[in-house]
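Novice: Below is start-v1.cif; it holds mmCIF, C-alpha atoms (C1' of nucleotides).
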data_start
#
loop_
_atom_site.group_PDB
_atom_site.id
_atom_site.type_symbol
_atom_site.label_atom_id
_atom_site.label_comp_id
_atom_site.auth_asym_id
_atom_site.auth_seq_id
_atom_site.Cartn_x
_atom_site.Cartn_y
_atom_site.Cartn_z
ATOM 1 C CA MET A 1 -9.540 -23.294 -22.781
ATOM 2 C CA VAL A 2 -8.239 -20.875 -20.235
ATOM 3 C CA ALA A 3 -8.753 -17.756 -22.361
ATOM 4 C CA ARG A 4 -5.055 -16.825 -22.618
ATOM 5 C CA TYR A 5 -5.559 -13.249 -23.620
ATOM 6 C CA ALA A 6 -2.303 -11.587 -22.716
ATOM 7 C CA LEU A 7 -2.662 -7.912 -21.954
ATOM 8 C CA SER A 8 0.137 -5.468 -22.589
ATOM 9 C CA ASP A 9 1.844 -3.651 -19.751
ATOM 10 C CA ALA A 10 -0.001 -0.465 -20.635
ATOM 11 C CA GLU A 11 -3.345 -2.272 -20.641
ATOM 12 C CA LEU A 12 -2.623 -3.848 -17.293
ATOM 13 C CA ASP A 13 -1.594 -0.456 -15.959
ATOM 14 C CA ARG A 14 -4.936 0.981 -17.042
ATOM 15 C CA LEU A 15 -6.840 -2.026 -15.730
ATOM 16 C CA PHE A 16 -5.399 -1.990 -12.210
ATOM 17 C CA ARG A 17 -5.348 1.786 -12.140
ATOM 18 C CA ALA A 18 -9.069 1.764 -12.894
ATOM 19 C CA LEU A 19 -9.670 -0.611 -9.997
ATOM 20 C CA ALA A 20 -7.647 1.549 -7.613
ATOM 21 C CA ASP A 21 -10.534 3.874 -6.765
ATOM 22 C CA ALA A 22 -13.447 3.087 -4.474
ATOM 23 C CA THR A 23 -15.996 4.987 -6.546
ATOM 24 C CA ARG A 24 -14.966 3.147 -9.682
ATOM 25 C CA ARG A 25 -15.047 -0.230 -7.943
ATOM 26 C CA ASP A 26 -18.540 0.645 -6.764
ATOM 27 C CA ILE A 27 -19.636 1.549 -10.262
ATOM 28 C CA VAL A 28 -18.276 -1.733 -11.581
ATOM 29 C CA ALA A 29 -20.094 -3.635 -8.852
ATOM 30 C CA ARG A 30 -23.289 -1.773 -9.637
ATOM 31 C CA VAL A 31 -23.355 -2.351 -13.364
ATOM 32 C CA LEU A 32 -22.194 -5.928 -13.011
ATOM 33 C CA GLY A 33 -24.710 -6.838 -10.373
ATOM 34 C CA GLY A 34 -27.740 -4.968 -11.611
ATOM 35 C CA GLU A 35 -29.235 -3.593 -14.761
ATOM 36 C CA PRO A 36 -27.075 -1.490 -17.042
ATOM 37 C CA ALA A 37 -27.382 2.097 -15.874
ATOM 38 C CA SER A 38 -27.131 5.455 -17.599
ATOM 39 C CA VAL A 39 -24.260 7.742 -16.669
ATOM 40 C CA SER A 40 -26.588 10.233 -15.007
ATOM 41 C CA ALA A 41 -28.361 7.466 -13.083
ATOM 42 C CA LEU A 42 -24.958 6.422 -11.777
ATOM 43 C CA ALA A 43 -23.992 10.013 -11.055
ATOM 44 C CA SER A 44 -27.060 10.530 -8.887
ATOM 45 C CA ARG A 45 -25.713 7.886 -6.522
ATOM 46 C CA TYR A 46 -22.516 9.681 -5.601
ATOM 47 C CA GLU A 47 -21.663 12.838 -3.735
ATOM 48 C CA MET A 48 -19.827 14.427 -6.598
ATOM 49 C CA SER A 49 -20.572 16.261 -9.800
ATOM 50 C CA PHE A 50 -21.910 14.575 -12.888
ATOM 51 C CA ALA A 51 -18.705 15.415 -14.721
ATOM 52 C CA ALA A 52 -16.624 13.647 -12.080
ATOM 53 C CA VAL A 53 -18.656 10.451 -12.413
ATOM 54 C CA GLN A 54 -18.497 10.797 -16.164
ATOM 55 C CA LYS A 55 -14.710 10.832 -15.907
ATOM 56 C CA HIS A 56 -14.742 7.730 -13.716
ATOM 57 C CA VAL A 57 -16.872 5.920 -16.270
ATOM 58 C CA ALA A 58 -14.460 7.026 -18.997
ATOM 59 C CA VAL A 59 -11.540 5.568 -17.040
ATOM 60 C CA LEU A 60 -13.427 2.303 -16.609
ATOM 61 C CA GLU A 61 -14.281 2.246 -20.289
ATOM 62 C CA GLU A 62 -10.662 2.829 -21.318
ATOM 63 C CA ALA A 63 -9.663 -0.035 -19.052
ATOM 64 C CA GLY A 64 -12.258 -2.231 -20.749
ATOM 65 C CA LEU A 65 -14.127 -2.840 -17.518
ATOM 66 C CA VAL A 66 -17.356 -1.349 -18.792
ATOM 67 C CA THR A 67 -18.877 -0.548 -22.156
ATOM 68 C CA LYS A 68 -21.209 2.270 -23.089
ATOM 69 C CA GLN A 69 -23.895 2.093 -25.723
ATOM 70 C CA PRO A 70 -26.242 4.873 -26.742
ATOM 71 C CA GLN A 71 -29.900 4.378 -26.059
ATOM 72 C CA GLY A 72 -31.914 7.402 -26.993
ATOM 73 C CA ARG A 73 -30.375 10.403 -25.364
ATOM 74 C CA GLU A 74 -28.629 8.417 -22.685
ATOM 75 C CA LYS A 75 -25.699 6.032 -22.743
ATOM 76 C CA MET A 76 -26.141 2.800 -20.916
ATOM 77 C CA VAL A 77 -23.151 1.527 -18.979
ATOM 78 C CA ARG A 78 -22.743 -2.193 -18.598
ATOM 79 C CA GLY A 79 -20.036 -4.222 -16.917
ATOM 80 C CA ASN A 80 -17.568 -6.407 -18.768
ATOM 81 C CA PRO A 81 -16.746 -9.435 -16.631
ATOM 82 C CA ARG A 82 -14.232 -10.670 -19.192
ATOM 83 C CA GLN A 83 -11.795 -7.892 -18.425
ATOM 84 C CA LEU A 84 -12.239 -8.513 -14.741
ATOM 85 C CA ALA A 85 -11.304 -12.131 -15.372
ATOM 86 C CA ARG A 86 -8.145 -10.989 -17.134
ATOM 87 C CA ALA A 87 -7.095 -8.994 -14.106
ATOM 88 C CA ARG A 88 -7.784 -12.009 -11.945
ATOM 89 C CA ALA A 89 -5.781 -14.192 -14.319
ATOM 90 C CA LEU A 90 -2.718 -12.025 -13.781
ATOM 91 C CA LEU A 91 -3.013 -12.280 -10.018
ATOM 92 C CA VAL A 92 -3.384 -16.046 -10.233
ATOM 93 C CA GLN A 93 -0.340 -16.106 -12.479
ATOM 94 C CA LEU A 94 1.684 -14.141 -9.929
ATOM 95 C CA GLU A 95 0.503 -16.380 -7.127
ATOM 96 C CA SER A 96 1.490 -19.427 -9.131
ATOM 97 C CA LEU A 97 5.071 -18.143 -9.120
ATOM 98 C CA TRP A 98 5.005 -18.487 -5.382
ATOM 99 C CA THR A 99 3.466 -21.932 -5.250
ATOM 100 C CA SER A 100 5.686 -23.244 -8.026
ATOM 101 C CA ARG A 101 8.661 -22.011 -6.080
ATOM 102 C CA PHE A 102 7.703 -24.298 -3.270
ATOM 103 C CA SER A 103 6.951 -27.289 -5.426
ATOM 104 C CA GLN A 104 10.379 -26.782 -6.967
ATOM 105 C CA LEU A 105 12.009 -26.611 -3.580
ATOM 106 C CA ASP A 106 10.169 -29.711 -2.503
ATOM 107 C CA ALA A 107 11.387 -31.493 -5.589
ATOM 108 C CA ILE A 108 14.985 -30.526 -4.881
ATOM 109 C CA LEU A 109 14.852 -31.568 -1.284
ATOM 110 C CA ALA A 110 12.938 -34.692 -2.221
ATOM 111 C CA GLU A 111 11.605 -34.789 1.265
ATOM 112 C CA PRO A 112 7.974 -35.818 1.115
ATOM 113 C CA ARG A 113 6.997 -33.844 4.193
ATOM 114 C CA PRO A 114 3.411 -32.687 3.576
ATOM 115 C CA ASN A 115 3.677 -28.958 4.072
ATOM 116 C CA LYS A 116 0.434 -28.267 5.905
ATOM 117 C CA GLU A 117 -0.486 -24.534 6.149
ATOM 118 C CA MET B 1 -12.210 -21.360 5.305
ATOM 119 C CA VAL B 2 -12.071 -18.767 2.596
ATOM 120 C CA ALA B 3 -9.911 -16.295 4.548
ATOM 121 C CA ARG B 4 -12.508 -13.505 4.690
ATOM 122 C CA TYR B 5 -10.149 -10.681 5.401
ATOM 123 C CA ALA B 6 -12.017 -7.626 4.314
ATOM 124 C CA LEU B 7 -9.764 -4.781 3.276
ATOM 125 C CA SER B 8 -10.850 -1.182 3.649
ATOM 126 C CA ASP B 9 -11.397 1.037 0.644
ATOM 127 C CA ALA B 10 -8.124 2.811 1.312
ATOM 128 C CA GLU B 11 -6.249 -0.477 1.542
ATOM 129 C CA LEU B 12 -7.776 -1.699 -1.683
ATOM 130 C CA ASP B 13 -6.866 1.601 -3.311
ATOM 131 C CA ARG B 14 -3.254 1.134 -2.260
ATOM 132 C CA LEU B 15 -3.247 -2.494 -3.298
ATOM 133 C CA PHE B 16 -4.539 -2.005 -6.836
ATOM 134 C CA ARG B 17 -2.575 1.200 -7.219
ATOM 135 C CA ALA B 18 0.583 -0.699 -6.381
ATOM 136 C CA LEU B 19 -0.241 -3.256 -9.054
ATOM 137 C CA ALA B 20 -0.867 -0.553 -11.653
ATOM 138 C CA ASP B 21 2.778 -0.180 -12.605
ATOM 139 C CA ALA B 22 4.778 -2.559 -14.773
ATOM 140 C CA THR B 23 8.000 -2.156 -12.808
ATOM 141 C CA ARG B 24 6.226 -2.913 -9.553
ATOM 142 C CA ARG B 25 4.459 -5.946 -11.020
ATOM 143 C CA ASP B 26 7.841 -7.146 -12.207
ATOM 144 C CA ILE B 27 9.349 -6.694 -8.757
ATOM 145 C CA VAL B 28 6.492 -8.656 -7.209
ATOM 146 C CA ALA B 29 6.956 -11.435 -9.738
ATOM 147 C CA ARG B 30 10.673 -11.503 -9.053
ATOM 148 C CA VAL B 31 10.506 -11.728 -5.287
ATOM 149 C CA LEU B 32 7.617 -14.166 -5.375
ATOM 150 C CA GLY B 33 9.197 -16.461 -7.902
ATOM 151 C CA GLY B 34 12.792 -16.408 -6.759
ATOM 152 C CA GLU B 35 14.870 -15.801 -3.694
ATOM 153 C CA PRO B 36 14.217 -12.698 -1.616
ATOM 154 C CA ALA B 37 16.343 -9.920 -3.071
ATOM 155 C CA SER B 38 17.954 -6.815 -1.613
ATOM 156 C CA VAL B 39 16.712 -3.432 -2.780
ATOM 157 C CA SER B 40 19.951 -2.698 -4.592
ATOM 158 C CA ALA B 41 19.950 -6.109 -6.242
ATOM 159 C CA LEU B 42 16.476 -5.288 -7.537
ATOM 160 C CA ALA B 43 17.549 -1.808 -8.558
ATOM 161 C CA SER B 44 20.371 -3.155 -10.702
ATOM 162 C CA ARG B 45 17.759 -4.857 -12.884
ATOM 163 C CA TYR B 46 15.975 -1.718 -13.999
ATOM 164 C CA GLU B 47 16.878 1.260 -16.127
ATOM 165 C CA MET B 48 16.238 3.794 -13.434
ATOM 166 C CA SER B 49 17.927 5.201 -10.368
ATOM 167 C CA PHE B 50 18.254 3.302 -7.132
ATOM 168 C CA ALA B 51 16.019 5.835 -5.411
ATOM 169 C CA ALA B 52 13.254 5.249 -7.947
ATOM 170 C CA VAL B 53 13.301 1.499 -7.337
ATOM 171 C CA GLN B 54 13.443 2.163 -3.636
ATOM 172 C CA LYS B 55 10.253 4.173 -3.961
ATOM 173 C CA HIS B 56 8.567 1.385 -5.890
ATOM 174 C CA VAL B 57 9.474 -1.081 -3.167
ATOM 175 C CA ALA B 58 8.092 1.336 -0.586
ATOM 176 C CA VAL B 59 4.798 1.510 -2.478
ATOM 177 C CA LEU B 60 4.645 -2.283 -2.611
ATOM 178 C CA GLU B 61 5.433 -2.497 1.077
ATOM 179 C CA GLU B 62 2.699 -0.008 1.982
ATOM 180 C CA ALA B 63 0.280 -2.053 -0.073
ATOM 181 C CA GLY B 64 1.339 -5.160 1.842
ATOM 182 C CA LEU B 65 2.525 -6.916 -1.295
ATOM 183 C CA VAL B 66 6.085 -7.281 -0.085
ATOM 184 C CA THR B 67 7.878 -7.178 3.246
ATOM 185 C CA LYS B 68 11.377 -5.976 4.003
ATOM 186 C CA GLN B 69 13.621 -7.349 6.684
ATOM 187 C CA PRO B 70 17.127 -6.188 7.532
ATOM 188 C CA GLN B 71 19.943 -8.583 6.940
ATOM 189 C CA GLY B 72 23.297 -7.039 7.688
ATOM 190 C CA ARG B 73 23.532 -3.791 5.801
ATOM 191 C CA GLU B 74 20.917 -4.761 3.231
ATOM 192 C CA LYS B 75 17.176 -5.196 3.436
ATOM 193 C CA MET B 76 15.790 -8.294 1.874
ATOM 194 C CA VAL B 77 12.524 -7.926 -0.006
ATOM 195 C CA ARG B 78 10.190 -10.866 -0.103
ATOM 196 C CA GLY B 79 6.777 -11.282 -1.676
ATOM 197 C CA ASN B 80 3.576 -11.659 0.308
ATOM 198 C CA PRO B 81 1.215 -13.958 -1.597
ATOM 199 C CA ARG B 82 -1.504 -13.467 0.997
ATOM 200 C CA GLN B 83 -2.119 -9.870 -0.034
ATOM 201 C CA LEU B 84 -2.149 -10.930 -3.656
ATOM 202 C CA ALA B 85 -4.842 -13.434 -2.764
ATOM 203 C CA ARG B 86 -6.882 -10.658 -1.168
ATOM 204 C CA ALA B 87 -6.795 -8.654 -4.369
ATOM 205 C CA ARG B 88 -7.854 -11.747 -6.266
ATOM 206 C CA ALA B 89 -10.659 -12.333 -3.774
ATOM 207 C CA LEU B 90 -12.116 -8.928 -4.548
ATOM 208 C CA LEU B 91 -12.093 -9.599 -8.276
ATOM 209 C CA VAL B 92 -13.771 -12.941 -7.749
ATOM 210 C CA GLN B 93 -16.336 -11.204 -5.573
ATOM 211 C CA LEU B 94 -17.050 -8.684 -8.317
ATOM 212 C CA GLU B 95 -17.298 -11.405 -10.915
ATOM 213 C CA SER B 96 -19.719 -13.298 -8.703
ATOM 214 C CA LEU B 97 -22.059 -10.330 -8.910
ATOM 215 C CA TRP B 98 -22.266 -10.940 -12.596
ATOM 216 C CA THR B 99 -22.828 -14.661 -12.407
ATOM 217 C CA SER B 100 -25.334 -14.346 -9.591
ATOM 218 C CA ARG B 101 -27.222 -11.885 -11.743
ATOM 219 C CA PHE B 102 -27.663 -14.574 -14.322
ATOM 220 C CA SER B 103 -28.571 -17.296 -11.898
ATOM 221 C CA GLN B 104 -31.168 -14.899 -10.535
ATOM 222 C CA LEU B 105 -32.475 -14.203 -14.002
ATOM 223 C CA ASP B 106 -32.536 -17.908 -14.740
ATOM 224 C CA ALA B 107 -34.496 -18.483 -11.583
ATOM 225 C CA ILE B 108 -37.041 -15.869 -12.571
ATOM 226 C CA LEU B 109 -37.441 -17.154 -16.071
ATOM 227 C CA ALA B 110 -37.403 -20.717 -14.799
ATOM 228 C CA GLU B 111 -36.251 -21.841 -18.199
ATOM 229 C CA PRO B 112 -33.675 -24.561 -17.742
ATOM 230 C CA ARG B 113 -31.788 -23.715 -20.912
ATOM 231 C CA PRO B 114 -28.131 -24.522 -20.204
ATOM 232 C CA ASN B 115 -26.411 -21.243 -21.051
ATOM 233 C CA LYS B 116 -23.277 -22.507 -22.780
ATOM 234 C CA GLU B 117 -20.587 -19.816 -23.259
ATOM 235 C "C1'" DA C 1 40.597 3.819 10.453
ATOM 236 C "C1'" DT C 2 38.978 4.505 6.183
ATOM 237 C "C1'" DA C 3 36.765 3.431 2.021
ATOM 238 C "C1'" DA C 4 32.998 1.344 -0.176
ATOM 239 C "C1'" DC C 5 28.357 -0.315 0.037
ATOM 240 C "C1'" DG C 6 23.282 -0.298 0.976
ATOM 241 C "C1'" DT C 7 19.705 2.332 2.501
ATOM 242 C "C1'" DG C 8 16.718 6.305 3.723
ATOM 243 C "C1'" DC C 9 15.185 10.691 2.996
ATOM 244 C "C1'" DA C 10 14.588 15.428 1.354
ATOM 245 C "C1'" DA C 11 14.132 18.672 -2.398
ATOM 246 C "C1'" DC C 12 12.892 19.372 -6.819
ATOM 247 C "C1'" DC C 13 10.469 18.741 -11.310
ATOM 248 C "C1'" DA C 14 7.054 17.382 -15.002
ATOM 249 C "C1'" DT C 15 3.093 15.002 -15.550
ATOM 250 C "C1'" DC C 16 -1.113 12.681 -14.125
ATOM 251 C "C1'" DT C 17 -5.325 12.501 -11.252
ATOM 252 C "C1'" DG C 18 -9.631 13.638 -9.337
ATOM 253 C "C1'" DG C 19 -12.294 17.071 -8.522
ATOM 254 C "C1'" DT C 20 -14.694 21.595 -9.897
ATOM 255 C "C1'" DT C 21 -17.479 24.922 -13.180
ATOM 256 C "C1'" DG C 22 -19.016 26.360 -17.561
ATOM 257 C "C1'" DT C 23 -20.357 25.720 -22.271
ATOM 258 C "C1'" DA C 24 -22.090 23.273 -26.289
ATOM 259 C "C1'" DC C 25 -24.925 20.007 -28.565
ATOM 260 C "C1'" DG C 26 -28.088 16.163 -29.648
ATOM 261 C "C1'" DT C 27 -32.464 13.983 -27.944
ATOM 262 C "C1'" DT C 28 -36.842 13.827 -25.726
ATOM 263 C "C1'" DA C 29 -41.028 15.840 -23.726
ATOM 264 C "C1'" DC C 30 -44.631 19.294 -23.765
ATOM 265 C "C1'" DG D 1 -40.799 25.229 -31.313
ATOM 266 C "C1'" DT D 2 -39.022 25.437 -26.904
ATOM 267 C "C1'" DA D 3 -37.674 23.766 -22.586
ATOM 268 C "C1'" DA D 4 -35.578 20.201 -20.081
ATOM 269 C "C1'" DC D 5 -32.549 16.300 -20.044
ATOM 270 C "C1'" DG D 6 -28.233 13.573 -20.858
ATOM 271 C "C1'" DT D 7 -23.843 13.775 -22.473
ATOM 272 C "C1'" DA D 8 -19.340 15.556 -23.933
ATOM 273 C "C1'" DC D 9 -15.611 18.418 -23.426
ATOM 274 C "C1'" DA D 10 -12.576 22.265 -22.132
ATOM 275 C "C1'" DA D 11 -10.301 25.005 -18.628
ATOM 276 C "C1'" DC D 12 -8.790 25.215 -14.264
ATOM 277 C "C1'" DC D 13 -6.935 23.760 -9.612
ATOM 278 C "C1'" DA D 14 -4.769 21.165 -5.638
ATOM 279 C "C1'" DG D 15 -2.539 17.197 -4.619
ATOM 280 C "C1'" DA D 16 -0.472 12.700 -5.903
ATOM 281 C "C1'" DT D 17 2.917 10.193 -8.782
ATOM 282 C "C1'" DG D 18 7.198 8.825 -10.840
ATOM 283 C "C1'" DG D 19 11.286 10.248 -11.827
ATOM 284 C "C1'" DT D 20 15.785 12.828 -10.722
ATOM 285 C "C1'" DT D 21 20.045 14.377 -7.670
ATOM 286 C "C1'" DG D 22 22.279 15.064 -3.402
ATOM 287 C "C1'" DC D 23 23.293 14.121 1.311
ATOM 288 C "C1'" DA D 24 23.336 11.500 5.706
ATOM 289 C "C1'" DC D 25 24.112 7.404 8.169
ATOM 290 C "C1'" DG D 26 24.831 2.601 9.568
ATOM 291 C "C1'" DT D 27 27.351 -1.672 8.084
ATOM 292 C "C1'" DT D 28 30.941 -4.265 5.942
ATOM 293 C "C1'" DA D 29 35.498 -4.960 3.961
ATOM 294 C "C1'" DT D 30 40.400 -3.863 3.566
#
Show the structure stored in the file as structure tokens.
Specialist:
Amino acid sequence: MVARYALSDAELDRLFRALADATRRDIVARVLGGEPASVSALASRYEMSFAAVQKHVAVLEEAGLVTKQPQGREKMVRGNPRQLARARALLVQLESLWTSRFSQLDAILAEPRPNKE
Amino acid sequence: MVARYALSDAELDRLFRALADATRRDIVARVLGGEPASVSALASRYEMSFAAVQKHVAVLEEAGLVTKQPQGREKMVRGNPRQLARARALLVQLESLWTSRFSQLDAILAEPRPNKE
DNA sequence: ATAACGTGCAACCATCTGGTTGTACGTTAC
DNA sequence: GTAACGTACAACCAGATGGTTGCACGTTAT
């Protein structure tokens, strides 16, 4: 069971786009590694306005990398490792194109020379 | 030997940004999976101008995902799986934050209940 | 030599992005 | 009830992005 959840092009765009910002990667790391944090608690950590952090969280949420759930007057942000795994799956898939290319070449040449890196 | 090649924030930005476009992901897949291809050969595959594809290749090259080398009057584009592996490494690293959080929690609770997914 | 090909680059354009400030509104604390 | 807090959202701005066309220039083919 390799969790073959194919994401659409648009979803992948959003996913990688969301990861293409240091602040957002930091937020993901924070909410994955620690307790879920409120948006304002996150905002206090960065040298930018609350609204800016709020936008970053929104981008992460749209990409499915975090979820928000209301708790009293705050919204707790928690990480979603599943979506991270999907991004990783795509990279592994791309890498496999490369490796399979070699195994194919090896098969054609039929020369059992152990290709040591 | 886990190839600990730490990329800077800016490099990671470029890397994930480059992957956040369907055309570029397709180009990467093409040059990783098949023969190296010239820029114009790539361009002929997409419904956009040559210059647009050229720009995409430039973005991929700046991100280190592909390399170009002159061959006669064309430039052959080939994939660089190493950089892809670096992107994957970061995702794995982020995911490990999540899992380590649980192992830590398990350690604190000291309740050996096998957490089956 | 000249034409055709492959590439690079600049200028231009519409849209998106990442930041700001300000305002509004529900929730909690006093 | 009122003040403070946490969030949402709109308007605005500078700069990046993704596309276009046009032109220049080196290489290959005829």
Novice: Can you pull out the residues contacting Ala87 in chain A? Cut-off 9 Å, using all atoms listed in the file, and skip same-chain residues under 3 positions away; I want them as a list in words.
Specialist: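 Listed by chain and then number, they are Leu12, Leu15, Phe16, Arg82, Gln83, Leu84, Leu90, Leu91 and Val92 of chain A; Arg88 and Leu91 of chain B.
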Novice: Taking the file as shown, what set of residues would the PyMOL selection byres ((chain B) within 9 of (chain C)) give back, as a CSV table (one decimal) with C-alpha atoms, keeping the file's coordinate frame?
Specialist:
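Below is the file that was written, result29.csv:
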chain,number,residue,atom,x,y,z
B,38,SER,CA,18.0,-6.8,-1.6
B,39,VAL,CA,16.7,-3.4,-2.8
B,40,SER,CA,20.0,-2.7,-4.6
B,54,GLN,CA,13.4,2.2,-3.6
B,73,ARG,CA,23.5,-3.8,5.8
B,74,GLU,CA,20.9,-4.8,3.2
B,75,LYS,CA,17.2,-5.2,3.4
Novice: What does the structure give for the distance between CA of Arg101 in chain A and CA of Gly34 in chain B, in Å to one decimal?
Specialist: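 Distance between the two atoms: 7.0 Å.
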Novice: Produce a table with one row for each residue of chain A that has an atom at most 10 Å from any atom of chain B, each row naming the nearest atom pair and its distance in Å at one decimal; use all atoms listed in the file; arrange rows by chain and rising residue number; format as a tab-separated table.
Specialist:
residue	atom	partner	partner_atom	distance
A:Ser8	CA	B:Ala22	CA	9.5
A:Asp9	CA	B:Ala22	CA	5.9
A:Ala10	CA	B:Ala22	CA	7.8
A:Glu11	CA	B:Ala20	CA	9.5
A:Leu12	CA	B:Ala20	CA	6.8
A:Asp13	CA	B:Ala20	CA	4.4
A:Arg14	CA	B:Ala20	CA	6.9
A:Leu15	CA	B:Ala20	CA	7.4
A:Phe16	CA	B:Ala20	CA	4.8
A:Arg17	CA	B:Ala20	CA	5.1
A:Ala18	CA	B:Phe16	CA	8.5
A:Leu19	CA	B:Phe16	CA	6.2
A:Ala20	CA	B:Asp13	CA	4.4
A:Asp21	CA	B:Asp13	CA	5.5
A:Ala22	CA	B:Asp9	CA	5.9
A:Thr23	CA	B:Asp9	CA	9.4
A:Arg25	CA	B:Leu94	CA	8.7
A:Asp26	CA	B:Leu94	CA	9.6
A:Val28	CA	B:Leu94	CA	7.8
A:Ala29	CA	B:Leu94	CA	5.9
A:Arg30	CA	B:Leu97	CA	8.7
A:Val31	CA	B:Trp98	CA	8.7
A:Leu32	CA	B:Trp98	CA	5.0
A:Gly33	CA	B:Leu97	CA	4.6
A:Gly34	CA	B:Arg101	CA	6.9
A:Glu35	CA	B:Arg101	CA	9.1
A:Gly79	CA	B:Trp98	CA	8.3
A:Asn80	CA	B:Trp98	CA	9.0
A:Pro81	CA	B:Glu95	CA	6.1
A:Arg82	CA	B:Glu95	CA	8.9
A:Gln83	CA	B:Glu95	CA	10.0
A:Leu84	CA	B:Leu91	CA	6.6
A:Ala85	CA	B:Glu95	CA	7.5
A:Arg86	CA	B:Leu91	CA	9.8
A:Ala87	CA	B:Leu91	CA	7.7
A:Arg88	CA	B:Arg88	CA	5.7
A:Ala89	CA	B:Arg88	CA	8.7
A:Leu90	CA	B:Arg88	CA	9.1
A:Leu91	CA	B:Arg88	CA	6.1
A:Val92	CA	B:Arg88	CA	7.4
A:Gln93	CA	B:Ala29	CA	9.1
A:Leu94	CA	B:Ala29	CA	5.9
A:Glu95	CA	B:Pro81	CA	6.1
A:Ser96	CA	B:Gly33	CA	8.3
A:Leu97	CA	B:Gly33	CA	4.6
A:Trp98	CA	B:Leu32	CA	5.0
A:Thr99	CA	B:Gly33	CA	8.4
A:Ser100	CA	B:Gly33	CA	7.6
A:Arg101	CA	B:Gly33	CA	5.9
A:Phe102	CA	B:Gly33	CA	9.2
Novice: List every residue of chain D that has an atom at most 12 Å from any atom of chain A, giving for each one its closest atom pair and the distance in Å to one decimal, counting only C-alpha atoms (C1' of nucleotides), sorted by chain and then by ascending residue number, as a Markdown table.
Specialist:
| residue | atom | partner | partner_atom | distance |
| --- | --- | --- | --- | --- |
| D:DC5 | C1' | A:Arg73 | CA | 8.2 |
| D:DG6 | C1' | A:Glu74 | CA | 5.5 |
| D:DT7 | C1' | A:Glu74 | CA | 7.2 |
| D:DA8 | C1' | A:Gln54 | CA | 9.1 |
| D:DC9 | C1' | A:Ala51 | CA | 9.7 |
| D:DA10 | C1' | A:Ala51 | CA | 11.8 |
Novice: With 3 Å on each side, where is the centre of the axis-aligned box around all listed atoms of range 63-77 of chain A, and how long are its edges in Å to one decimal, as AutoDock Vina command-line options?
Specialist:
--center_x -20.8 --center_y 3.8 --center_z -22.3 --size_x 28.3 --size_y 19.2 --size_z 15.5
Novice: State, in Å with one decimal place, the distance from C1' of DG19 in chain D to CA of Tyr46 in chain B.
Specialist: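 Those two atoms sit 13.0 Å apart.
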Novice: Between CA of Ala63 in chain A and C1' of DT17 in chain D, measure the distance and give it in Å to one decimal.
Specialist: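 That distance, rounded to one decimal, is 19.2 Å.
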Novice: Give me, as a PyMOL selection string, all polymer residues having an atom no more than 8 Å from Val57 in chain B, counting all atoms listed in the file and skipping those fewer than 5 positions away in the same chain.
Specialist: chain B and resi 24+27+39+66
